[in-house]
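The structure appears right after this line, and notes come after that.
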Amino acid sequence: EAADFAKLHLGSNLERVVRTSRKPVLVASRAFKPVERFLVAYDGGTSILKAIRHIAGGELFRGLECRMLMVGDDNPGNRHGLEAAADILRGSGHAVSTAIKPGQPDEVIARHAEDADINLLVMGAYGHSRLRTLIIGSTTAEMVRSCLIPVMLFR
């Protein structure tokens, strides 16, 4: 509530809540738009695998269009990891399309979400230490700032 999205300022309370929560955290603006399609920002980490298992095992995402995006090199290793994760969702009845795109994660994901008219972004959160985040920055915080859609964060 204290975050000022209009000025691209994100409160430190969000990071504190997400880092300590054992449940998914949904960050959303006050305007509601029905969710028809969601994007899973796949990075191969434990947090996003937790998110994928959550989606596969629940009813919340049933019937929604699912896209998975990995930002990085389109090589056999990345392709295998992405498809293995997508197969978890497919095995639970989700239709999933996948893509791998090069570039900076925050820029590529935000652009892809806008271009594909995505209504919800699902991603792992704060996968690095606080010290690394302080020095280099946080993809999580940048995604919440730059995406103008709700973001569901898993830790």
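Chains: A, B, ... in order of the structure tokens. Residues: from 1 per chain. Ligands: from 1, in order shown.
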Long-range neighbours of range 29-35 of chain A as a ChimeraX atom specification, 9 Å cut-off, only C-alpha atoms, 6 positions minimum in chain
/A:5,64,118-120,148-150
Okay, now the selection with N, CA, C and O atoms, as a PDB file, in the first residue's frame?
```pdb
ATOM      1  N   PHE A   5       3.520   3.496  -7.211  1.00  0.00           N
ATOM      2  CA  PHE A   5       3.813   2.975  -8.530  1.00  0.00           C
ATOM      3  C   PHE A   5       3.910   4.084  -9.567  1.00  0.00           C
ATOM      4  O   PHE A   5       4.616   3.956 -10.545  1.00  0.00           O
ATOM      5  N   LEU A  64      -7.019 -20.855 -18.056  1.00  0.00           N
ATOM      6  CA  LEU A  64      -6.335 -19.648 -18.507  1.00  0.00           C
ATOM      7  C   LEU A  64      -5.246 -20.014 -19.508  1.00  0.00           C
ATOM      8  O   LEU A  64      -4.620 -21.069 -19.416  1.00  0.00           O
ATOM      9  N   ILE A 118      -0.636  -9.916 -21.816  1.00  0.00           N
ATOM     10  CA  ILE A 118      -0.638 -10.769 -20.631  1.00  0.00           C
ATOM     11  C   ILE A 118      -1.327 -10.023 -19.490  1.00  0.00           C
ATOM     12  O   ILE A 118      -1.129  -8.826 -19.314  1.00  0.00           O
ATOM     13  N   ASN A 119      -2.118 -10.754 -18.696  1.00  0.00           N
ATOM     14  CA  ASN A 119      -2.859 -10.137 -17.590  1.00  0.00           C
ATOM     15  C   ASN A 119      -2.226 -10.384 -16.231  1.00  0.00           C
ATOM     16  O   ASN A 119      -2.593  -9.736 -15.253  1.00  0.00           O
ATOM     17  N   LEU A 120      -1.327 -11.370 -16.142  1.00  0.00           N
ATOM     18  CA  LEU A 120      -0.701 -11.730 -14.860  1.00  0.00           C
ATOM     19  C   LEU A 120       0.675 -12.310 -15.135  1.00  0.00           C
ATOM     20  O   LEU A 120       0.827 -13.186 -15.993  1.00  0.00           O
ATOM     21  N   LEU A 148       2.934  -3.334 -15.894  1.00  0.00           N
ATOM     22  CA  LEU A 148       1.715  -2.643 -15.466  1.00  0.00           C
ATOM     23  C   LEU A 148       0.577  -3.632 -15.258  1.00  0.00           C
ATOM     24  O   LEU A 148      -0.590  -3.283 -15.418  1.00  0.00           O
ATOM     25  N   ILE A 149       0.929  -4.844 -14.891  1.00  0.00           N
ATOM     26  CA  ILE A 149      -0.036  -5.906 -14.621  1.00  0.00           C
ATOM     27  C   ILE A 149       0.274  -6.506 -13.257  1.00  0.00           C
ATOM     28  O   ILE A 149       1.369  -6.315 -12.731  1.00  0.00           O
ATOM     29  N   PRO A 150      -0.675  -7.241 -12.679  1.00  0.00           N
ATOM     30  CA  PRO A 150      -0.370  -7.915 -11.410  1.00  0.00           C
ATOM     31  C   PRO A 150       0.778  -8.897 -11.566  1.00  0.00           C
ATOM     32  O   PRO A 150       0.944  -9.523 -12.621  1.00  0.00           O
TER      33      PRO A 150
END
```
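A straight line drawn from CA of Thr98 in chain A to CA of Met68 in chain A is 4.7 Å long.
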With only C-alpha atoms as the atoms that count, which of A:Val122, A:Ala110, A:Ala99, A:Ala84 lies nearest to Ser47 in chain A?
A:Val122
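You can rank A:Glu107, A:Asp43, A:Arg37, A:Asp115 by their closest distance to Gly72 in chain A using only C-alpha atoms, and at the top of that list sits A:Asp43.
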Could you work out how far CA of Val151 in chain A lies from CA of His80 in chain A, giving the answer in Å with one decimal?
25.5 Å
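The nearest approach to Phe154 in chain A among the residues A:Leu14, A:Ala56, A:Ile48, A:Cys66, with only C-alpha atoms taken into account, belongs to A:Ile48.
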For the helix (DSSP H, G or I) assignment from backbone DSSP, which residues of range 28-85 of chain A qualify? Please present them as an mmCIF file with N, CA and C atoms, in the first residue's frame.
```
data_model
loop_
_atom_site.group_PDB
_atom_site.id
_atom_site.type_symbol
_atom_site.label_atom_id
_atom_site.label_comp_id
_atom_site.auth_asym_id
_atom_site.auth_seq_id
_atom_site.Cartn_x
_atom_site.Cartn_y
_atom_site.Cartn_z
ATOM 1 N N THR A 46 14.746 -22.503 -8.110
ATOM 2 C CA THR A 46 13.841 -23.245 -7.232
ATOM 3 C C THR A 46 12.529 -22.510 -6.999
ATOM 4 N N SER A 47 12.566 -21.184 -6.979
ATOM 5 C CA SER A 47 11.336 -20.422 -6.740
ATOM 6 C C SER A 47 10.332 -20.586 -7.873
ATOM 7 N N ILE A 48 10.805 -20.551 -9.108
ATOM 8 C CA ILE A 48 9.866 -20.678 -10.226
ATOM 9 C C ILE A 48 9.374 -22.111 -10.348
ATOM 10 N N LEU A 49 10.181 -23.081 -9.968
ATOM 11 C CA LEU A 49 9.702 -24.462 -9.960
ATOM 12 C C LEU A 49 8.624 -24.653 -8.897
ATOM 13 N N LYS A 50 8.766 -23.966 -7.782
ATOM 14 C CA LYS A 50 7.718 -23.978 -6.749
ATOM 15 C C LYS A 50 6.426 -23.384 -7.320
ATOM 16 N N ALA A 51 6.558 -22.303 -8.071
ATOM 17 C CA ALA A 51 5.390 -21.664 -8.690
ATOM 18 C C ALA A 51 4.719 -22.611 -9.680
ATOM 19 N N ILE A 52 5.514 -23.291 -10.471
ATOM 20 C CA ILE A 52 4.972 -24.216 -11.472
ATOM 21 C C ILE A 52 4.220 -25.357 -10.791
ATOM 22 N N ARG A 53 4.784 -25.896 -9.726
ATOM 23 C CA ARG A 53 4.088 -26.957 -8.978
ATOM 24 C C ARG A 53 2.794 -26.436 -8.365
ATOM 25 N N HIS A 54 2.814 -25.203 -7.892
ATOM 26 C CA HIS A 54 1.610 -24.578 -7.317
ATOM 27 C C HIS A 54 0.520 -24.446 -8.385
ATOM 28 N N ILE A 55 0.885 -23.958 -9.541
ATOM 29 C CA ILE A 55 -0.071 -23.794 -10.640
ATOM 30 C C ILE A 55 -0.623 -25.163 -11.060
ATOM 31 N N ALA A 56 0.266 -26.139 -11.206
ATOM 32 C CA ALA A 56 -0.146 -27.475 -11.661
ATOM 33 C C ALA A 56 -1.066 -28.155 -10.659
ATOM 34 N N GLY A 57 -0.859 -27.911 -9.384
ATOM 35 C CA GLY A 57 -1.628 -28.606 -8.354
ATOM 36 C C GLY A 57 -2.895 -27.919 -7.910
ATOM 37 N N PRO A 76 20.360 -26.031 -26.304
ATOM 38 C CA PRO A 76 19.685 -27.269 -25.900
ATOM 39 C C PRO A 76 19.429 -27.377 -24.388
ATOM 40 N N GLY A 77 20.351 -26.919 -23.575
ATOM 41 C CA GLY A 77 20.171 -26.992 -22.120
ATOM 42 C C GLY A 77 19.011 -26.133 -21.642
ATOM 43 N N ASN A 78 18.968 -24.895 -22.091
ATOM 44 C CA ASN A 78 17.868 -24.000 -21.717
ATOM 45 C C ASN A 78 16.541 -24.501 -22.272
ATOM 46 N N ARG A 79 16.553 -24.953 -23.523
ATOM 47 C CA ARG A 79 15.328 -25.462 -24.149
ATOM 48 C C ARG A 79 14.803 -26.670 -23.371
ATOM 49 N N HIS A 80 15.703 -27.576 -22.969
ATOM 50 C CA HIS A 80 15.295 -28.769 -22.221
ATOM 51 C C HIS A 80 14.666 -28.384 -20.871
ATOM 52 N N GLY A 81 15.303 -27.473 -20.145
ATOM 53 C CA GLY A 81 14.767 -27.037 -18.849
ATOM 54 C C GLY A 81 13.403 -26.383 -18.984
ATOM 55 N N LEU A 82 13.265 -25.518 -19.975
ATOM 56 C CA LEU A 82 11.998 -24.828 -20.211
ATOM 57 C C LEU A 82 10.898 -25.818 -20.571
ATOM 58 N N GLU A 83 11.188 -26.734 -21.478
ATOM 59 C CA GLU A 83 10.177 -27.706 -21.906
ATOM 60 C C GLU A 83 9.822 -28.684 -20.787
ATOM 61 N N ALA A 84 10.789 -29.054 -19.970
ATOM 62 C CA ALA A 84 10.506 -29.940 -18.829
ATOM 63 C C ALA A 84 9.553 -29.249 -17.847
ATOM 64 N N ALA A 85 9.771 -27.970 -17.610
ATOM 65 C CA ALA A 85 8.876 -27.214 -16.727
ATOM 66 C C ALA A 85 7.495 -27.078 -17.351
#
```
Contact residues around Val17 in chain A with only C-alpha atoms at 12 Å, ignoring same-chain residues under 6 positions, as a ChimeraX atom specification
/A:11,23-27,125-126,153-155
Report, in Å with one decimal, the straight-line distance from CA of Ala41 in chain A to CA of Asn75 in chain A.
17.2 Å
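The residue that comes closest to Gly44 in chain A, out of A:Ile109, A:Ala28, A:Leu69, A:Val96 and on the basis of only C-alpha atoms, is A:Leu69.
Considering only range 12-139 of chain A, backbone DSSP assigns strand (DSSP E or B) to Val25, Leu26, Val27, Arg37, Phe38, Leu39, Val40, Ala41, Tyr42, Glu65, Cys66, Arg67, Met68, Leu69, Met70, Val71, Val96, Ser97, Thr98, Ala99, Ile100, Lys101, Leu120, Leu121, Val122, Met123 and Gly124 of chain A.
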Restricting the output to C-alpha atoms, write the selected residues as a short mmCIF file (atom, residue, chain, number, x, y, z; two decimals), in the first residue's frame.
```cif
data_model
loop_
_atom_site.label_atom_id
_atom_site.label_comp_id
_atom_site.auth_asym_id
_atom_site.auth_seq_id
_atom_site.Cartn_x
_atom_site.Cartn_y
_atom_site.Cartn_z
CA VAL A 25 2.42 -12.86 -2.85
CA LEU A 26 0.25 -11.04 -5.38
CA VAL A 27 1.25 -7.46 -6.16
CA ARG A 37 -3.67 -15.26 -19.90
CA PHE A 38 -0.64 -15.46 -17.67
CA LEU A 39 3.08 -15.49 -18.28
CA VAL A 40 5.51 -17.64 -16.31
CA ALA A 41 8.95 -16.02 -16.29
CA TYR A 42 11.06 -19.18 -16.21
CA GLU A 65 -3.94 -19.33 -21.42
CA CYS A 66 -0.40 -20.02 -20.21
CA ARG A 67 2.82 -18.80 -21.76
CA MET A 68 6.31 -19.51 -20.47
CA LEU A 69 9.23 -17.29 -21.31
CA MET A 70 12.89 -17.80 -20.61
CA VAL A 71 15.33 -14.96 -21.16
CA VAL A 96 1.35 -24.02 -22.58
CA SER A 97 3.34 -22.19 -25.25
CA THR A 98 7.04 -21.56 -24.67
CA ALA A 99 9.64 -19.10 -25.92
CA ILE A 100 13.27 -18.23 -25.28
CA LYS A 101 14.41 -14.69 -26.03
CA LEU A 120 -0.70 -11.73 -14.86
CA LEU A 121 3.03 -12.35 -14.49
CA VAL A 122 4.18 -15.30 -12.37
CA MET A 123 7.81 -15.32 -11.30
CA GLY A 124 10.27 -16.38 -8.63
#
```
